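Trainee: Structure file my_file.cif (mmCIF, C-alpha atoms) is given on the next line.
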data_final
#
loop_
_atom_site.label_atom_id
_atom_site.label_comp_id
_atom_site.auth_asym_id
_atom_site.auth_seq_id
_atom_site.Cartn_x
_atom_site.Cartn_y
_atom_site.Cartn_z
CA MET A 1 -13.31 205.71 59.79
CA ALA A 2 -16.28 207.85 60.71
CA THR A 3 -17.51 210.05 57.93
CA MET A 4 -17.63 213.79 58.19
CA ARG A 5 -21.36 213.83 58.56
CA ASP A 6 -21.30 211.34 61.45
CA ILE A 7 -18.74 213.34 63.31
CA LYS A 8 -20.64 216.56 62.79
CA ARG A 9 -23.88 215.03 64.01
CA ARG A 10 -22.19 213.70 67.11
CA ARG A 11 -20.58 217.04 67.85
CA ASP A 12 -23.86 218.93 67.49
CA SER A 13 -25.60 216.56 69.84
CA ILE A 14 -22.90 216.97 72.48
CA GLN A 15 -23.08 220.69 72.01
CA SER A 16 -26.76 220.79 72.85
CA THR A 17 -26.19 218.53 75.86
CA GLU A 18 -23.55 220.94 77.02
CA GLN A 19 -26.00 223.79 76.79
CA ILE A 20 -28.42 221.91 79.01
CA THR A 21 -25.84 220.99 81.62
CA LYS A 22 -24.61 224.57 81.62
CA ALA A 23 -28.12 225.89 82.23
CA MET A 24 -28.69 223.31 84.98
CA LYS A 25 -25.48 224.34 86.63
CA LEU A 26 -26.55 227.97 86.66
CA VAL A 27 -29.94 227.08 88.12
CA ALA A 28 -28.30 224.93 90.78
CA THR A 29 -25.92 227.74 91.67
CA VAL A 30 -28.75 230.18 92.26
CA LYS A 31 -30.72 227.61 94.25
CA LEU A 32 -27.66 226.74 96.26
CA GLN A 33 -27.24 230.31 97.38
CA LYS A 34 -30.84 230.45 98.53
CA SER A 35 -30.91 227.10 100.28
CA ARG A 36 -27.55 227.76 101.87
CA ALA A 37 -28.79 231.03 103.34
CA ARG A 38 -31.83 229.23 104.71
CA ALA A 39 -29.74 226.45 106.21
CA GLU A 40 -27.51 229.00 107.86
CA ALA A 41 -30.46 230.96 109.25
CA ALA A 42 -31.77 227.78 110.85
CA LYS A 43 -28.49 226.81 112.46
CA PRO A 44 -28.77 228.87 115.66
CA TYR A 45 -32.04 227.16 116.55
CA PHE A 46 -30.69 223.74 115.61
CA ASN A 47 -27.56 224.24 117.71
CA LEU A 48 -29.32 225.76 120.69
CA MET A 49 -31.81 222.92 120.66
CA TYR A 50 -28.94 220.50 120.66
CA ASP A 51 -27.19 222.24 123.55
CA THR A 52 -30.34 222.46 125.63
CA MET A 53 -31.13 218.85 124.99
CA SER A 54 -27.65 217.70 125.94
CA SER A 55 -27.73 219.69 129.16
CA ILE A 56 -31.06 218.15 130.07
CA ILE A 57 -29.89 214.66 129.24
CA THR A 58 -26.59 214.90 131.07
CA ARG A 59 -28.34 216.20 134.10
CA SER A 60 -31.25 213.81 134.08
CA GLY A 61 -29.39 210.60 133.35
CA ALA A 62 -31.31 208.89 136.08
CA ILE A 63 -34.74 209.66 134.72
CA ARG A 64 -36.61 206.74 133.28
CA HIS A 65 -38.49 208.36 130.50
CA LYS A 66 -40.15 206.57 127.60
CA TYR A 67 -38.29 208.70 125.06
CA LEU A 68 -34.94 207.84 126.59
CA GLN A 69 -35.33 204.09 126.28
CA ALA A 70 -35.60 201.88 123.24
CA GLY A 71 -39.10 200.62 122.55
CA ALA A 72 -39.94 196.94 122.78
CA SER A 73 -40.42 196.53 119.07
CA PRO A 74 -37.47 195.27 117.01
CA LYS A 75 -38.61 197.45 114.13
CA LYS A 76 -36.60 200.50 113.27
CA ALA A 77 -37.86 203.55 111.47
CA VAL A 78 -35.65 205.67 109.28
CA VAL A 79 -36.39 209.04 107.75
CA THR A 80 -34.44 209.32 104.53
CA ILE A 81 -33.91 212.71 102.96
CA THR A 82 -32.99 212.65 99.29
CA SER A 83 -34.10 214.59 96.25
CA ASN A 84 -36.93 214.12 93.79
CA ARG A 85 -34.68 214.61 90.81
CA GLY A 86 -31.47 212.95 89.79
CA LEU A 87 -28.45 214.36 87.99
CA ALA A 88 -26.84 215.28 91.26
CA GLY A 89 -23.83 213.00 91.20
CA GLY A 90 -23.72 210.53 94.07
CA TYR A 91 -26.01 212.57 96.31
CA ASN A 92 -29.00 210.22 96.35
CA ASN A 93 -27.06 207.03 96.03
CA ASN A 94 -24.89 207.84 99.03
CA ILE A 95 -27.92 207.98 101.31
CA VAL A 96 -29.34 204.75 99.90
CA LYS A 97 -26.00 203.01 100.36
CA LEU A 98 -25.59 204.31 103.89
CA VAL A 99 -29.04 203.17 104.99
CA ASN A 100 -28.59 199.83 103.28
CA ALA A 101 -25.27 199.27 105.01
CA GLU A 102 -26.35 200.32 108.51
CA LEU A 103 -29.89 199.02 108.85
CA PRO A 104 -31.39 195.58 108.13
CA ALA A 105 -33.86 195.72 105.26
CA ALA A 106 -36.27 193.24 106.85
CA ASP A 107 -36.74 195.17 110.08
CA THR A 108 -36.73 198.73 108.84
CA LEU A 109 -39.60 200.98 107.94
CA VAL A 110 -38.72 203.84 105.66
CA TYR A 111 -40.34 207.25 105.91
CA ALA A 112 -39.12 208.67 102.66
CA ILE A 113 -38.67 212.33 101.86
CA GLY A 114 -37.51 212.43 98.27
CA ARG A 115 -38.45 210.04 95.50
CA LYS A 116 -34.95 208.93 94.59
CA GLY A 117 -34.25 207.54 98.03
CA ARG A 118 -37.67 205.95 98.20
CA ASP A 119 -37.22 204.12 94.91
CA GLY A 120 -33.64 203.13 95.64
CA LEU A 121 -34.53 201.61 99.01
CA ALA A 122 -37.69 199.95 97.71
CA ARG A 123 -35.53 198.18 95.13
CA ARG A 124 -33.28 196.91 97.90
CA GLY A 125 -36.20 195.37 99.73
CA PHE A 126 -37.00 198.03 102.32
CA ALA A 127 -40.62 198.57 103.30
CA ILE A 128 -41.77 202.11 102.54
CA GLN A 129 -44.00 203.18 105.39
CA GLY A 130 -44.62 206.77 104.40
CA ASP A 131 -43.84 209.01 101.48
CA TYR A 132 -43.43 212.75 102.04
CA SER A 133 -41.57 213.50 98.85
CA GLU A 134 -43.37 216.77 98.19
CA VAL A 135 -41.79 218.25 101.30
CA ILE A 136 -38.26 218.47 99.92
CA ASN A 137 -39.31 220.94 97.23
CA ASP A 138 -39.98 223.57 99.85
CA PRO A 139 -39.40 222.40 103.42
CA LEU A 140 -41.42 224.09 106.15
CA TYR A 141 -41.01 223.68 109.87
CA GLN A 142 -44.64 222.58 109.89
CA ASP A 143 -43.78 219.58 107.69
CA ALA A 144 -41.01 218.52 110.04
CA SER A 145 -43.21 218.72 113.11
CA GLU A 146 -46.01 216.77 111.44
CA LEU A 147 -43.61 214.00 110.55
CA ALA A 148 -42.20 214.05 114.08
CA ASP A 149 -45.74 213.63 115.40
CA VAL A 150 -46.36 210.61 113.19
CA LEU A 151 -43.10 209.03 114.30
CA LEU A 152 -43.68 209.68 117.99
CA LYS A 153 -47.16 208.21 117.79
CA ALA A 154 -45.80 205.05 116.21
CA PHE A 155 -43.04 204.94 118.83
CA THR A 156 -45.44 205.42 121.73
CA ALA A 157 -47.79 202.80 120.29
CA GLY A 158 -44.89 200.35 120.26
CA GLU A 159 -44.85 199.87 116.50
CA ILE A 160 -41.26 200.97 116.25
CA GLY A 161 -38.43 200.74 118.74
CA GLU A 162 -35.89 203.10 117.28
CA ILE A 163 -35.97 206.08 114.97
CA TYR A 164 -33.14 207.14 112.69
CA LEU A 165 -32.61 210.07 110.39
CA ALA A 166 -30.52 209.78 107.22
CA PHE A 167 -29.52 213.06 105.64
CA THR A 168 -26.65 214.81 103.96
CA MET A 169 -24.71 217.34 105.92
CA PHE A 170 -23.59 220.44 104.09
CA LYS A 171 -19.99 221.28 104.91
CA ASN A 172 -19.28 223.54 101.97
CA THR A 173 -20.12 223.76 98.29
CA VAL A 174 -18.15 220.66 97.34
CA VAL A 175 -18.07 218.63 100.55
CA HIS A 176 -21.28 216.96 101.71
CA THR A 177 -21.31 214.04 104.09
CA PRO A 178 -24.15 211.55 104.33
CA ARG A 179 -25.04 210.90 107.97
CA LEU A 180 -27.22 208.53 109.92
CA LEU A 181 -28.46 209.99 113.19
CA LYS A 182 -30.39 208.26 115.93
CA LEU A 183 -33.39 210.35 116.89
CA LEU A 184 -35.08 208.12 119.42
CA PRO A 185 -34.37 206.94 122.03
CA VAL A 186 -32.61 210.24 122.52
CA GLU A 187 -28.94 209.61 122.36
CA LEU A 188 -26.79 212.59 121.78
CA PRO A 189 -24.55 212.38 118.81
CA ASP A 190 -20.99 213.50 119.31
CA ARG A 191 -20.06 217.09 118.72
CA GLU A 192 -19.90 216.43 115.02
CA GLY A 193 -23.63 215.98 115.02
CA ARG A 194 -23.99 219.68 115.39
CA ALA A 195 -24.58 221.54 112.22
CA ASP A 196 -21.32 223.42 112.34
CA GLY A 197 -19.22 221.17 114.54
CA ALA A 198 -18.40 224.12 116.75
CA SER A 199 -18.76 224.03 120.47
CA ASP A 200 -19.56 227.48 121.71
CA ALA A 201 -21.46 226.18 124.69
CA GLU A 202 -19.37 223.84 126.73
CA PRO A 203 -21.47 221.97 129.24
CA LYS A 204 -22.18 224.66 131.76
CA ALA A 205 -22.72 224.01 135.38
CA ARG A 206 -26.42 223.44 135.33
CA ALA A 207 -26.64 221.13 138.25
CA ILE A 208 -29.36 223.13 139.90
CA MET A 209 -31.69 223.46 136.95
CA ASP A 210 -35.32 223.69 137.92
CA TYR A 211 -37.95 222.08 135.73
CA GLU A 212 -41.45 223.39 135.63
CA PRO A 213 -43.68 221.60 136.36
CA ASP A 214 -41.30 218.59 136.50
CA ASP A 215 -38.63 216.86 134.42
CA GLU A 216 -40.97 214.37 132.88
CA THR A 217 -43.52 216.86 131.62
CA VAL A 218 -40.78 219.04 130.26
CA LEU A 219 -39.21 216.11 128.44
CA ASP A 220 -42.62 215.14 127.07
CA ALA A 221 -42.92 218.57 125.56
CA ILE A 222 -39.35 219.10 124.48
CA VAL A 223 -38.55 215.80 122.78
CA PRO A 224 -41.10 216.35 119.96
CA LYS A 225 -39.68 219.82 119.41
CA TYR A 226 -36.17 218.41 119.48
CA MET A 227 -37.12 215.89 116.82
CA SER A 228 -38.92 218.46 114.68
CA SER A 229 -35.97 220.78 114.81
CA LEU A 230 -33.51 218.02 113.92
CA ILE A 231 -35.66 216.93 110.99
CA TYR A 232 -36.12 220.51 109.86
CA GLY A 233 -32.43 221.24 110.14
CA ALA A 234 -31.64 218.05 108.24
CA LEU A 235 -34.08 219.02 105.50
CA LEU A 236 -32.41 222.37 104.98
CA GLU A 237 -28.91 220.90 105.12
CA SER A 238 -29.86 218.23 102.61
CA LEU A 239 -31.45 220.72 100.28
CA ALA A 240 -28.29 222.81 100.28
CA SER A 241 -26.21 219.65 99.73
CA GLU A 242 -28.44 218.57 96.86
CA ASN A 243 -27.96 221.83 95.04
CA GLY A 244 -24.26 221.80 95.77
CA ALA A 245 -23.94 218.24 94.48
CA ARG A 246 -25.94 219.06 91.38
CA MET A 247 -23.83 222.12 90.71
CA THR A 248 -20.61 220.11 90.96
CA ALA A 249 -21.99 217.29 88.83
CA MET A 250 -23.19 219.65 86.14
CA ASP A 251 -19.92 221.54 86.21
CA SER A 252 -17.90 218.41 85.47
CA ALA A 253 -20.46 217.33 82.85
CA THR A 254 -20.02 220.66 81.12
CA SER A 255 -16.25 220.44 81.11
CA ASN A 256 -16.41 216.84 79.86
CA ALA A 257 -18.64 217.95 77.03
CA GLU A 258 -16.23 220.73 76.16
CA GLU A 259 -13.37 218.26 75.99
CA MET A 260 -15.32 215.92 73.74
CA ILE A 261 -16.32 218.75 71.46
CA GLU A 262 -12.68 219.74 71.11
CA ASP A 263 -11.69 216.19 70.21
CA LEU A 264 -14.49 215.82 67.73
CA SER A 265 -13.71 219.17 66.13
CA LEU A 266 -10.17 218.00 65.55
CA GLN A 267 -11.38 214.73 64.06
CA TYR A 268 -13.85 216.58 61.91
CA ASN A 269 -11.22 218.91 60.52
CA ARG A 270 -8.89 216.02 59.79
CA ALA A 271 -11.64 214.21 57.97
CA ARG A 272 -12.46 217.35 56.02
CA GLN A 273 -8.85 217.85 55.04
CA GLY A 274 -8.57 214.21 54.06
CA ALA A 275 -11.62 214.50 51.87
CA ILE A 276 -10.27 217.61 50.12
CA THR A 277 -6.89 216.00 49.53
CA GLN A 278 -8.55 212.92 48.11
CA GLU A 279 -10.72 215.00 45.81
CA LEU A 280 -7.71 216.93 44.54
CA THR A 281 -5.78 213.74 43.92
CA GLU A 282 -8.72 212.38 41.98
CA ILE A 283 -9.00 215.54 39.84
CA VAL A 284 -5.29 215.59 39.11
CA ALA A 285 -5.31 211.89 38.27
CA GLY A 286 -8.34 212.42 35.98
CA ALA A 287 -6.68 215.38 34.22
CA ASN A 288 -3.51 213.36 33.75
CA ALA A 289 -5.46 210.48 32.27
CA ILE A 290 -7.23 212.76 29.74
CA GLY A 291 -4.02 214.75 28.90
CA GLY A 292 -1.99 211.55 28.58
CA MET B 293 -32.52 250.44 137.78
CA ALA B 294 -32.90 246.73 137.54
CA ASP B 295 -29.98 244.62 136.37
CA LEU B 296 -29.75 243.69 132.74
CA PHE B 297 -29.50 240.19 131.39
CA LYS B 298 -29.15 238.70 127.94
CA LEU B 299 -32.28 237.48 126.23
CA LYS B 300 -32.34 235.41 123.09
CA VAL B 301 -35.50 234.41 121.26
CA VAL B 302 -34.81 231.94 118.50
CA THR B 303 -37.22 230.50 115.94
CA PRO B 304 -36.40 227.78 113.41
CA ASP B 305 -35.92 230.37 110.69
CA ARG B 306 -34.07 233.18 112.40
CA ILE B 307 -32.86 234.79 115.57
CA PHE B 308 -36.01 236.61 116.53
CA TYR B 309 -34.59 238.75 119.31
CA ASP B 310 -31.15 239.13 120.81
CA GLY B 311 -30.41 241.85 123.32
CA ASN B 312 -30.02 242.99 126.90
CA VAL B 313 -33.23 243.39 128.83
CA THR B 314 -34.38 244.18 132.35
CA MET B 315 -37.31 241.80 132.44
CA VAL B 316 -39.19 239.38 130.26
CA GLU B 317 -42.78 238.23 130.76
CA LEU B 318 -44.35 235.23 129.11
CA THR B 319 -46.86 232.46 129.58
CA THR B 320 -45.81 228.91 130.42
CA THR B 321 -47.99 225.87 130.86
CA GLU B 322 -47.89 226.62 134.59
CA GLY B 323 -49.06 230.21 134.21
CA GLU B 324 -47.57 233.59 133.52
CA ILE B 325 -44.06 234.28 134.70
CA GLY B 326 -41.82 237.29 134.77
CA ILE B 327 -38.07 236.88 134.83
CA TYR B 328 -35.54 239.36 136.16
CA ALA B 329 -31.78 239.02 136.16
CA ASN B 330 -30.31 236.34 138.44
CA HIS B 331 -33.35 234.12 138.25
CA ILE B 332 -32.86 230.55 139.40
CA PRO B 333 -31.97 228.25 136.44
CA THR B 334 -35.23 226.91 135.08
CA THR B 335 -36.58 225.12 132.08
CA ALA B 336 -40.28 225.45 131.33
CA VAL B 337 -42.66 224.77 128.50
CA VAL B 338 -44.14 227.79 126.75
CA ALA B 339 -47.88 228.08 126.22
CA PRO B 340 -49.39 230.43 123.64
CA GLY B 341 -49.28 233.93 125.05
CA VAL B 342 -47.95 237.43 124.70
CA LEU B 343 -44.22 237.82 125.15
CA LYS B 344 -43.34 241.12 126.80
CA ILE B 345 -39.76 242.23 126.59
CA HIS B 346 -38.81 245.08 128.92
CA GLU B 347 -35.79 246.86 127.55
CA GLU B 348 -34.09 249.77 129.21
CA GLY B 349 -35.81 252.23 126.93
CA GLY B 350 -39.23 250.70 126.75
CA GLU B 351 -41.31 247.62 126.19
CA LYS B 352 -41.68 245.34 123.21
CA LYS B 353 -44.42 242.83 122.58
CA ALA B 354 -44.69 239.77 120.43
CA ALA B 355 -47.01 236.81 119.97
CA LEU B 356 -45.38 233.60 121.13
CA MET B 357 -47.02 230.30 120.24
CA ALA B 358 -45.07 227.30 121.36
CA GLY B 359 -41.66 226.22 122.45
CA PHE B 360 -39.76 226.27 125.69
CA ILE B 361 -37.67 228.59 127.76
CA GLU B 362 -34.35 227.97 129.37
CA VAL B 363 -33.27 230.32 132.11
CA LEU B 364 -29.58 230.27 133.01
CA GLN B 365 -27.62 232.47 135.33
CA ALA B 366 -26.41 234.86 132.69
CA GLN B 367 -28.74 234.25 129.81
CA VAL B 368 -32.35 233.48 129.03
CA THR B 369 -33.14 231.58 125.86
CA VAL B 370 -36.60 231.18 124.40
CA MET B 371 -36.81 228.44 121.80
CA ALA B 372 -39.96 229.45 119.97
CA GLU B 373 -41.59 227.41 117.26
CA VAL B 374 -43.57 230.46 116.19
CA ALA B 375 -43.01 234.06 117.22
CA GLU B 376 -44.35 237.19 115.57
CA TRP B 377 -43.90 240.92 116.07
CA PRO B 378 -47.13 242.91 116.14
CA GLU B 379 -46.30 244.53 112.80
CA ASP B 380 -46.21 241.10 111.15
CA ILE B 381 -49.65 240.16 112.42
CA ASP B 382 -52.61 240.52 110.14
CA VAL B 383 -55.50 241.63 112.37
CA LYS B 384 -58.19 240.76 109.88
CA ARG B 385 -56.87 237.26 109.43
CA ALA B 386 -56.51 236.70 113.14
CA GLU B 387 -60.02 238.04 113.74
CA GLU B 388 -61.42 235.70 111.11
CA ALA B 389 -59.51 232.77 112.56
CA ARG B 390 -60.94 233.58 115.98
CA ILE B 391 -64.51 233.64 114.66
CA ARG B 392 -64.02 230.42 112.72
CA ALA B 393 -62.55 228.64 115.72
CA GLU B 394 -65.35 229.88 117.98
CA ARG B 395 -67.96 228.63 115.57
CA ARG B 396 -66.33 225.24 115.36
CA LEU B 397 -66.28 225.00 119.12
CA LYS B 398 -69.91 226.08 119.44
CA ASP B 399 -71.37 223.78 116.81
CA ARG B 400 -69.35 220.70 117.72
CA TYR B 401 -70.19 218.79 114.58
CA PRO B 402 -69.17 215.19 114.84
CA GLY B 403 -65.63 214.93 113.60
CA THR B 404 -64.61 218.33 114.90
CA ASP B 405 -61.14 218.21 116.33
CA VAL B 406 -61.87 220.08 119.55
CA MET B 407 -58.24 220.23 120.64
CA ARG B 408 -57.23 221.73 117.35
CA ALA B 409 -60.03 224.26 117.34
CA GLU B 410 -59.13 225.30 120.86
CA MET B 411 -55.49 225.74 119.90
CA ALA B 412 -56.50 227.79 116.86
CA LEU B 413 -58.71 229.96 119.04
CA LYS B 414 -55.92 230.49 121.52
CA ARG B 415 -53.47 231.44 118.80
CA ALA B 416 -55.91 233.92 117.29
CA ILE B 417 -56.58 235.51 120.67
CA VAL B 418 -52.87 235.81 121.43
CA ARG B 419 -52.23 237.45 118.07
CA LEU B 420 -54.99 239.97 118.66
CA GLU B 421 -53.73 240.66 122.16
CA ALA B 422 -50.18 241.22 120.98
CA LYS B 423 -51.44 243.60 118.33
CA ALA B 424 -53.80 245.52 120.59
CA ARG B 425 -52.58 248.31 122.86
#
Show me this structure written as structure tokens.

Mentor:
Amino acid sequence: MATMRDIKRRRDSIQSTEQITKAMKLVATVKLQKSRARAEAAKPYFNLMYDTMSSIITRSGAIRHKYLQAGASPKKAVVTITSNRGLAGGYNNNIVKLVNAELPAADTLVYAIGRKGRDGLARRGFAIQGDYSEVINDPLYQDASELADVLLKAFTAGEIGEIYLAFTMFKNTVVHTPRLLKLLPVELPDREGRADGASDAEPKARAIMDYEPDDETVLDAIVPKYMSSLIYGALLESLASENGARMTAMDSATSNAEEMIEDLSLQYNRARQGAITQELTEIVAGANAIGG
Amino acid sequence: MADLFKLKVVTPDRIFYDGNVTMVELTTTEGEIGIYANHIPTTAVVAPGVLKIHEEGGEKKAALMAGFIEVLQAQVTVMAEVAEWPEDIDVKRAEEARIRAERRLKDRYPGTDVMRAEMALKRAIVRLEAKAR
């Protein structure tokens, strides 16, 4: 049986762990509020971009544009958005698993945002083509458009044939879904691909849309912006999900610690009582021996 | 009085403008355009320029850098990558940026990214224009 001192030491150590997880939970809660507000502020742009893009695509199905067709290269590029720090439950691992399940390791180039995803995929044999892990600490639209530029250049140069985006969608504080989205060739995801899943803009009759100067030039200009906005939106969604996941993880860690402390306190008190009883018995026995 | 239509200017971070207007003026890659209500549905690419919003009560200006515009029957949407109200523009900074960009274009040291310098110059000029008057 564990001695009193062992139990006490164990309990103290769990107590200090609990303090840390509690503090982390509070920090995550505050960050969640901020990142959630940012993600929500970005949604109108994200959704409008999506609607505009879908109206252009539905209308211009006949156009043969380079961004609408898969490149010749068998290589695929994937932008993975994870976090730089762990202790967020399954948040990072879900993305790694999703990418690993959907894309072949040998033919995929990873543009990693977030160290955890980068390391996880590197371990599974993926080639890391670019590392933009700093970005996730404070995502700017600028970062997203720079990355989109890099990807489009590689696509135009024929180095990659398809571009994917792996991120975590923020549904609410406890529900986050990892998603893999095809960015190029432009292929519109179903309605669910929209940040809020709503459909306020049903395909309007836009049959007589005029493009200035012409469809191709407009597509040339819009597709990069479409990609930037999707990446930016994904960054903000993922950041909110990360904080939500960390908050949930730390919350359950804290309650687990509390439970363990309770158990150990009980054990400790039993041991203490046992020790006192034993001591008393010894004293009584000793007194009896002398008196007898 | 001209008819009103709904104008929305959206940037990645917020809804920049949302209201009913009589006319909107802006610069596209094809030149400056002005849009009244019942314009033919159009999509065009925005070039850096001053965005002029004519409301019923007056006129508002903003610096508009890049993006595109979608004109529909009932609504006009400007998807702007960067848009700024005059009060958010720092004249001194814009002036300095203009001078720097001009110098870079004049000297043409090897390795100067001419395209980038030209874009920077354009942005600075647009900011100053939106702020002036």

Trainee: Please measure the separation of CA of Lys31 (chain A) and CA of Ala257 (chain A), giving the value in Å to one decimal.

Mentor: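 We find that CA of Lys31 (chain A) and CA of Ala257 (chain A) lie 23.1 Å from each other.
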
Trainee: Hey, list the chain A side of the contact with chain B: 8 Å cut-off, only C-alpha atoms, answer as a tab-separated table (two decimals) with C-alpha atoms, in the frame of the given file.

Mentor:
chain	number	residue	atom	x	y	z
A	38	ARG	CA	-31.83	229.23	104.71
A	41	ALA	CA	-30.46	230.96	109.25
A	42	ALA	CA	-31.77	227.78	110.85
A	44	PRO	CA	-28.77	228.87	115.66
A	45	TYR	CA	-32.04	227.16	116.55
A	46	PHE	CA	-30.69	223.74	115.61
A	49	MET	CA	-31.81	222.92	120.66
A	52	THR	CA	-30.34	222.46	125.63
A	141	TYR	CA	-41.01	223.68	109.87
A	206	ARG	CA	-26.42	223.44	135.33
A	208	ILE	CA	-29.36	223.13	139.90
A	209	MET	CA	-31.69	223.46	136.95
A	210	ASP	CA	-35.32	223.69	137.92
A	211	TYR	CA	-37.95	222.08	135.73
A	212	GLU	CA	-41.45	223.39	135.63
A	213	PRO	CA	-43.68	221.60	136.36
A	218	VAL	CA	-40.78	219.04	130.26
A	221	ALA	CA	-42.92	218.57	125.56
A	222	ILE	CA	-39.35	219.10	124.48
A	225	LYS	CA	-39.68	219.82	119.41
A	229	SER	CA	-35.97	220.78	114.81

Trainee: Using all atoms listed in the file, give me every residue within 10 Å of (-21.7, 222.3, 104.8) in file coordinates, as a PDB file with C-alpha atoms, in the frame of the given file.

Mentor:
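Writing the result to result.pdb gives the following:
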ATOM      1  CA  ARG A  36     -27.550 227.760 101.870  1.00  0.00           C
ATOM      2  CA  ALA A  39     -29.740 226.450 106.210  1.00  0.00           C
ATOM      3  CA  GLU A  40     -27.510 229.000 107.860  1.00  0.00           C
ATOM      4  CA  THR A 168     -26.650 214.810 103.960  1.00  0.00           C
ATOM      5  CA  MET A 169     -24.710 217.340 105.920  1.00  0.00           C
ATOM      6  CA  PHE A 170     -23.590 220.440 104.090  1.00  0.00           C
ATOM      7  CA  LYS A 171     -19.990 221.280 104.910  1.00  0.00           C
ATOM      8  CA  ASN A 172     -19.280 223.540 101.970  1.00  0.00           C
ATOM      9  CA  THR A 173     -20.120 223.760  98.290  1.00  0.00           C
ATOM     10  CA  VAL A 174     -18.150 220.660  97.340  1.00  0.00           C
ATOM     11  CA  VAL A 175     -18.070 218.630 100.550  1.00  0.00           C
ATOM     12  CA  HIS A 176     -21.280 216.960 101.710  1.00  0.00           C
ATOM     13  CA  THR A 177     -21.310 214.040 104.090  1.00  0.00           C
ATOM     14  CA  ALA A 195     -24.580 221.540 112.220  1.00  0.00           C
ATOM     15  CA  ASP A 196     -21.320 223.420 112.340  1.00  0.00           C
ATOM     16  CA  GLU A 237     -28.910 220.900 105.120  1.00  0.00           C
ATOM     17  CA  SER A 238     -29.860 218.230 102.610  1.00  0.00           C
ATOM     18  CA  ALA A 240     -28.290 222.810 100.280  1.00  0.00           C
ATOM     19  CA  SER A 241     -26.210 219.650  99.730  1.00  0.00           C
ATOM     20  CA  GLY A 244     -24.260 221.800  95.770  1.00  0.00           C
TER      21      GLY A 244
END

Trainee: Record the distance separating CA of Thr248 (chain A) and CA of Ala28 (chain A), expressed in Å with one decimal.

Mentor: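 We find that CA of Thr248 (chain A) and CA of Ala28 (chain A) lie 9.1 Å from each other.
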
Trainee: Closest to Pro340 (chain B) among B:Ala354, B:Leu296, B:Ile327, B:Ile391, using all atoms listed in the file?

Mentor: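 Closest to Pro340 (chain B) of all the choices is B:Ala354.
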
Trainee: The centre and edge lengths of an axis-aligned box containing all atoms of region 364-369 of chain B present in the file, extended by 8 Å on each side, are to be given in Å to one decimal, as lines of an AutoDock Vina configuration file.

Mentor:
center_x = -29.8
center_y = 232.6
center_z = 130.6
size_x = 22.7
size_y = 20.6
size_z = 25.5

Trainee: List the residues selected by the PyMOL selection byres ((chain B and resi 381) around 12) in the file shown, writing them as a list in words.

Mentor: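 After applying the PyMOL selection byres ((chain B and resi 381) around 12), what remains is Lys353, Ala354, Ala355, Leu356, Ala375, Glu376, Trp377, Pro378, Glu379, Asp380, Asp382, Val383, Lys384, Arg385, Ala386, Glu387, Arg415, Ala416, Ile417, Val418, Arg419, Leu420, Glu421, Ala422, Lys423 and Ala424 of chain B.
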
Trainee: Take the PyMOL selection byres ((chain B and resi 412) around 10), run it mentally on this structure, and tell me the resulting residues as a ChimeraX atom specification.

Mentor: /B:386,389-390,392-394,406-411,413-418

Trainee: Would you compute the distance between CA of Ser145 (chain A) and CA of Val223 (chain A)? Give it in Å to one decimal.

Mentor: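 Here the two named atoms are 11.1 Å from each other.
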
Trainee: Within 8 Å of Ala106 (chain A), counting only C-alpha atoms, which residues qualify if same-chain residues fewer than 5 places away don't, as a ChimeraX atom specification?

Mentor: /A:125-127

Trainee: If I put a ball of radius 12 Å at (-44.5, 206.6, 125.2) in the file's coordinates, which residues poke into it when counting all atoms listed in the file, written as a list in words?

Mentor: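 Every residue inside that radius is included here: Arg64, His65, Lys66, Tyr67, Leu68, Gln69, Ala70, Gly71, Ala72, Leu151, Leu152, Lys153, Ala154, Phe155, Thr156, Ala157, Gly158, Glu159, Ile160, Gly161, Leu184, Pro185, Glu216, Leu219, Asp220, Val223 and Pro224 of chain A.
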
Trainee: Hey, which of B:Tyr401, B:Glu348, B:Val342, B:Arg396 ends up closest to Ile325 (chain B)? Count only C-alpha atoms.

Mentor: B:Val342

Trainee: Smallest atom-to-atom distance to Ala234 (chain A): which of A:Ile261, A:Ala144, A:Leu266, A:Leu87, using all atoms listed in the file?

Mentor: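 Ranking A:Ile261, A:Ala144, A:Leu266, A:Leu87 by distance to Ala234 (chain A), first place goes to A:Ala144.
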
Trainee: Restricting the calculation to only C-alpha atoms: of A:Arg124, A:Arg115, A:Lys182, A:Lys43, which residue gets closest to Lys97 (chain A)?

Mentor: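 Selected residue with least distance to Lys97 (chain A): A:Arg124.
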